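See structure below.
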Amino acid sequence: MSSQIPSFFSNDIVLHVEGIRKVYPNGVIANDNVTLSVLKGEIHAILGENGAGKTTLVNIIAGCIKPDAGEIYVNGKKVKIDNPRTAIKLGIGVVHQHFILIPTLTVIENIALSLNNSGFRLNLSKVKERIIQLSNLLNLKIDFNTKVEELPVGLKQKVEILRVLCQNANILILDEPTSVLTPIEVEEFFRILRNLKEKGCSIILITHKVKEALSISDRITIMRKGRIIKTLTPKETNEEELSLLIIGEKQNSESISFTNENNNTKKILLSVNNLNVRGDRGELSVKNVSFSLYSGEILGIAGIAGNGQKELVEALTGLRKPESGTIIIMDENVVNKKPKFLIKKGMAYIPEDRIGRGVVLTMSLAENAILKRFEESPFSNKTIMNKNSIMNYAHELIKKFGIIAPNPNIEVSNLSGGNIQRLIVARELSYNAKILIAENPTAGLDVRATDFTHRIFLDLKSKGVGILLISADLDELLKLSDRILVMYNGKIMKEFNRNEYDIYKIAKLMLGIEVN
Amino acid sequence: MNSSKLIGLYRALLSIILTFLVTSIFLIINNTNPLLAYYYIFIGAFGNINLIIETLVRATPILIISLGLAISFRCKVWNIGAEGQLYIGAMLGTITAIALGESFFTFPIAFIMSLIGGALWASIPAFMKSKLGINEVITTFLMNFISINFVQWLLSFPLKSPETLFPESERIPNSAILPVLIPYTRMHLGIVIAFFLILPIIHFIMMKTTFGFKLKVVGENPEVARYSGIDVEKILFLALVISGALAGMAGFIEVAGIQFRMRPTISPGYGYTGIVIALLGQNNPIGISLASIFIAAIINGSSTMSRMLNQPQGIVDFIQGLLIMFVLASNYILRYVSKKELIKL
């Protein structure tokens, strides 16, 4: 390892961490003797599973968490980063996995807020100038006067990147940045990273996607269970070796068998007719959408974030009133019905925004596990809760879905992103749902958790559940869906049956380019 | 005791200690020995059996109010209007009791009417909050002035007792009066009702029922609540109405246990004191019962202390104001301290 790394005091090392250790109050060793160097103008990927300690390391470098031991050197000088402001001053910019934007402020206001150098007078026009200059460089198209809460996740992330760049960061840390992007957006995003690298920026890319790490980075460091396993260059390794290093054991990932039955024998579970839905700003976001979901099928919806998927899902789950059209679930029009009614009707929903909509962070794992069923027996008799059966049930879910948690009383805020997703999946699948609406269900999950989720979907499918899979991950859609609908600008562009899948055609349609 | 309860206890103790520290500074500036002052406060509150009963008498209305407030605060509905809800509830209860005259049903019906009075008064801001999204802090607070002045007018003109010169109602019938349990003291049945009936009921509702669970989910994350099928608007409405009902009940128990008439001075700001207690008790009914006795002791003891040491009566409001401030700040202080602690691990 030492042969690849220039000597310790070399000018080329912009960031060096030495012997970082972090033990959380609940006893989890998140980082154990982590030593890592990042060179000037390199893209350094840190690969590892959920819970490998990647995010903790990022938070330590960013000054959000204090390490129990260890030292940090920036440009050869020992520094003490005890709050995020110090990190920013040192030129370290972080884009976190969960965004830290203020929803009710506009894009410009959010960025201006983070700059904090405008003195007493807030000079928004100056900020705007800088944003436009940077966004031209990155080729971003964002309405800067939009409130952040109205932006889809994909765009929020771009705002985050812009924000960090506006702070003149030269060490950029990106935590799972591609999990919310489509393949085409990822290409675009990598182009931006290479661009930044040429300008002398060092980039630390936290990811669990082996392919991405191989294609974009100069060096790859593998983390497992809080430890650094190895640092490699893409040239001297391959996908298989990296996967093995990440998991640390041979994984039996036999390919998923796929059966495609004829739809004629199945019944329609969900039928959407001429649905129109308005977005937050009153614009028509879903335009005249019609489709049917059959029992025992996975219907994929492909599209770049922000093309009406969010509004469509909210209309289907009863969170947003449609403008016109019908949504028929098992022969009943459910337009204007409340979520409770839809849940009773057998609709499960795995939301895209896990933290905001999926769980209550400040409540326990057990309480979150019964969120949708607390009025059912045995968890309560409608009025009085039964603590014992809730606890037993939570224990059961932890075991069955492999959620890593010391006990069901743990606050969900102490769980890692992957474990939170497992908890949500566990909860949504625990009642006998007939329809599952899944929004980017594997975004940010590691290989094992993704595989786990996919298997569950296929299992549900074989049991006759209809799954509407909205995903930005085209590979996932191609792998799982029986049919794919491509959504662009609120409209369904085209429907593909499994035997007609063509990744280039689908990708083009996602960008609104008509194909014949 | 789990860790979140323990943190709640730390918060309460920390804010009490800080409050006493700051109060001490002002007492010293005022040429008074703070330890002596606190000694007199303690003696004034718990010095003999009579004083202890008086402290419980004082604690009763504020306990009932703050239990109600805990329900609304649990789902982050900030009811600042308990004072007004108390007046309307007490007024309606008194009117009912006087109208019914002596009968076996006088007390129960008047009691229920006081709940309804407080609930109805709270239902106006509750409706505005849940249906129209109007901030309840402003509406509940401003409605206090309407209700208190309205009651003052009722007692000055249409409902004024013909026997007295003061603006007050007739005496309520004897059958509406809460019996005294220990002769020659003011230890009335209402105190027992508050501590041994209302307190366990509210504790049960908050900790063991699906309604209590819904309150918590709505308070912590309304978006998740909505997506989980909880009718968020209904919960917000109910929480505010229930806290209004309890404030009304507190008012009537004060009439039926202590005053025997409705007076415009029935509450020296109990509705606001209830806010201090709900915050100090961390929305936990057990914590609230302790906090209500603590605050009642400060109120009663301070008057003794100010007489003995020639200190201003306003010290009570001073201490209450500091307590609110430190309870709210203690969350951040504790987080800061615990972060420092973690590094040492």
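In the structure tokens, chains take letters A, B, ... by order of appearance, with residues numbered from 1 within each chain and ligands from 1 in the order shown.
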For this session: Run DSSP on the backbone and give me the residues of range 280-388 of chain A it puts in strand (DSSP E or B), as a count of residues only.
Result: 32
For this session: Identify all chain A residues at most 10 Å from chain B by counting only C-alpha atoms; ligands do not count. Present them as an MDAnalysis selection string.
Result: chainID A and resid 22:25 65:69 314 317:319 338:344 348:349 351 354:363 367:368 370:375 379:387 409 411
Problem set entry | B:Asn50, B:Thr140, B:Thr94, B:Ser292 ranked by distance to Ile64 in chain B, top pick (using only C-alpha atoms) | B:Ser292
Determine, counting only C-alpha atoms, which protein, DNA and RNA residues have an atom within 12 Å of an atom of Ala438 in chain A; residues of the same chain fewer than 5 positions away are not included. Present the result as an mmCIF file with C-alpha atoms, in the first residue's frame.
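And here's around_31.cif as it stands now:
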data_model
loop_
_atom_site.group_PDB
_atom_site.id
_atom_site.type_symbol
_atom_site.label_atom_id
_atom_site.label_comp_id
_atom_site.auth_asym_id
_atom_site.auth_seq_id
_atom_site.Cartn_x
_atom_site.Cartn_y
_atom_site.Cartn_z
ATOM 1 C CA ILE A 298 -44.097 -5.674 -11.652
ATOM 2 C CA LEU A 299 -44.856 -2.553 -13.633
ATOM 3 C CA GLY A 300 -41.867 -0.262 -13.882
ATOM 4 C CA ILE A 301 -42.041 3.475 -14.348
ATOM 5 C CA GLN A 309 -43.526 10.548 -10.738
ATOM 6 C CA LYS A 310 -43.694 12.179 -7.302
ATOM 7 C CA VAL A 313 -47.366 8.481 -6.461
ATOM 8 C CA GLU A 314 -48.876 11.033 -4.094
ATOM 9 C CA LEU A 316 -52.168 7.072 -5.889
ATOM 10 C CA THR A 317 -51.427 6.949 -2.169
ATOM 11 C CA MET A 347 -51.951 -0.607 -0.603
ATOM 12 C CA ALA A 348 -48.373 -0.615 0.647
ATOM 13 C CA TYR A 349 -45.997 2.221 -0.105
ATOM 14 C CA ILE A 350 -42.228 2.436 0.137
ATOM 15 C CA PRO A 351 -41.502 6.151 -0.111
ATOM 16 C CA GLU A 352 -38.499 7.699 -1.769
ATOM 17 C CA ASP A 353 -37.872 10.085 1.118
ATOM 18 C CA ARG A 354 -37.166 7.613 3.899
ATOM 19 C CA GLY A 358 -40.823 6.726 5.871
ATOM 20 C CA GLN A 421 -34.885 1.040 4.530
ATOM 21 C CA ILE A 424 -39.634 0.378 6.078
ATOM 22 C CA VAL A 425 -39.704 -2.587 3.712
ATOM 23 C CA GLU A 428 -44.841 -2.275 4.389
ATOM 24 C CA LEU A 429 -44.688 -5.960 3.588
ATOM 25 C CA ALA A 443 -31.453 3.883 -3.695
ATOM 26 C CA THR A 453 -35.217 -6.209 -1.658
ATOM 27 C CA HIS A 454 -35.377 -7.564 -5.193
ATOM 28 C CA PHE A 457 -40.377 -8.120 -4.701
ATOM 29 C CA GLY A 466 -49.043 -6.075 -8.096
ATOM 30 C CA ILE A 467 -45.967 -3.897 -7.766
ATOM 31 C CA LEU A 468 -45.611 -0.434 -9.224
ATOM 32 C CA LEU A 469 -41.890 0.199 -9.266
ATOM 33 C CA ILE A 470 -40.844 3.793 -9.772
ATOM 34 C CA SER A 471 -37.110 3.843 -10.113
ATOM 35 C CA ALA A 472 -34.350 6.029 -11.417
ATOM 36 C CA LEU A 477 -36.234 -1.717 -13.893
#
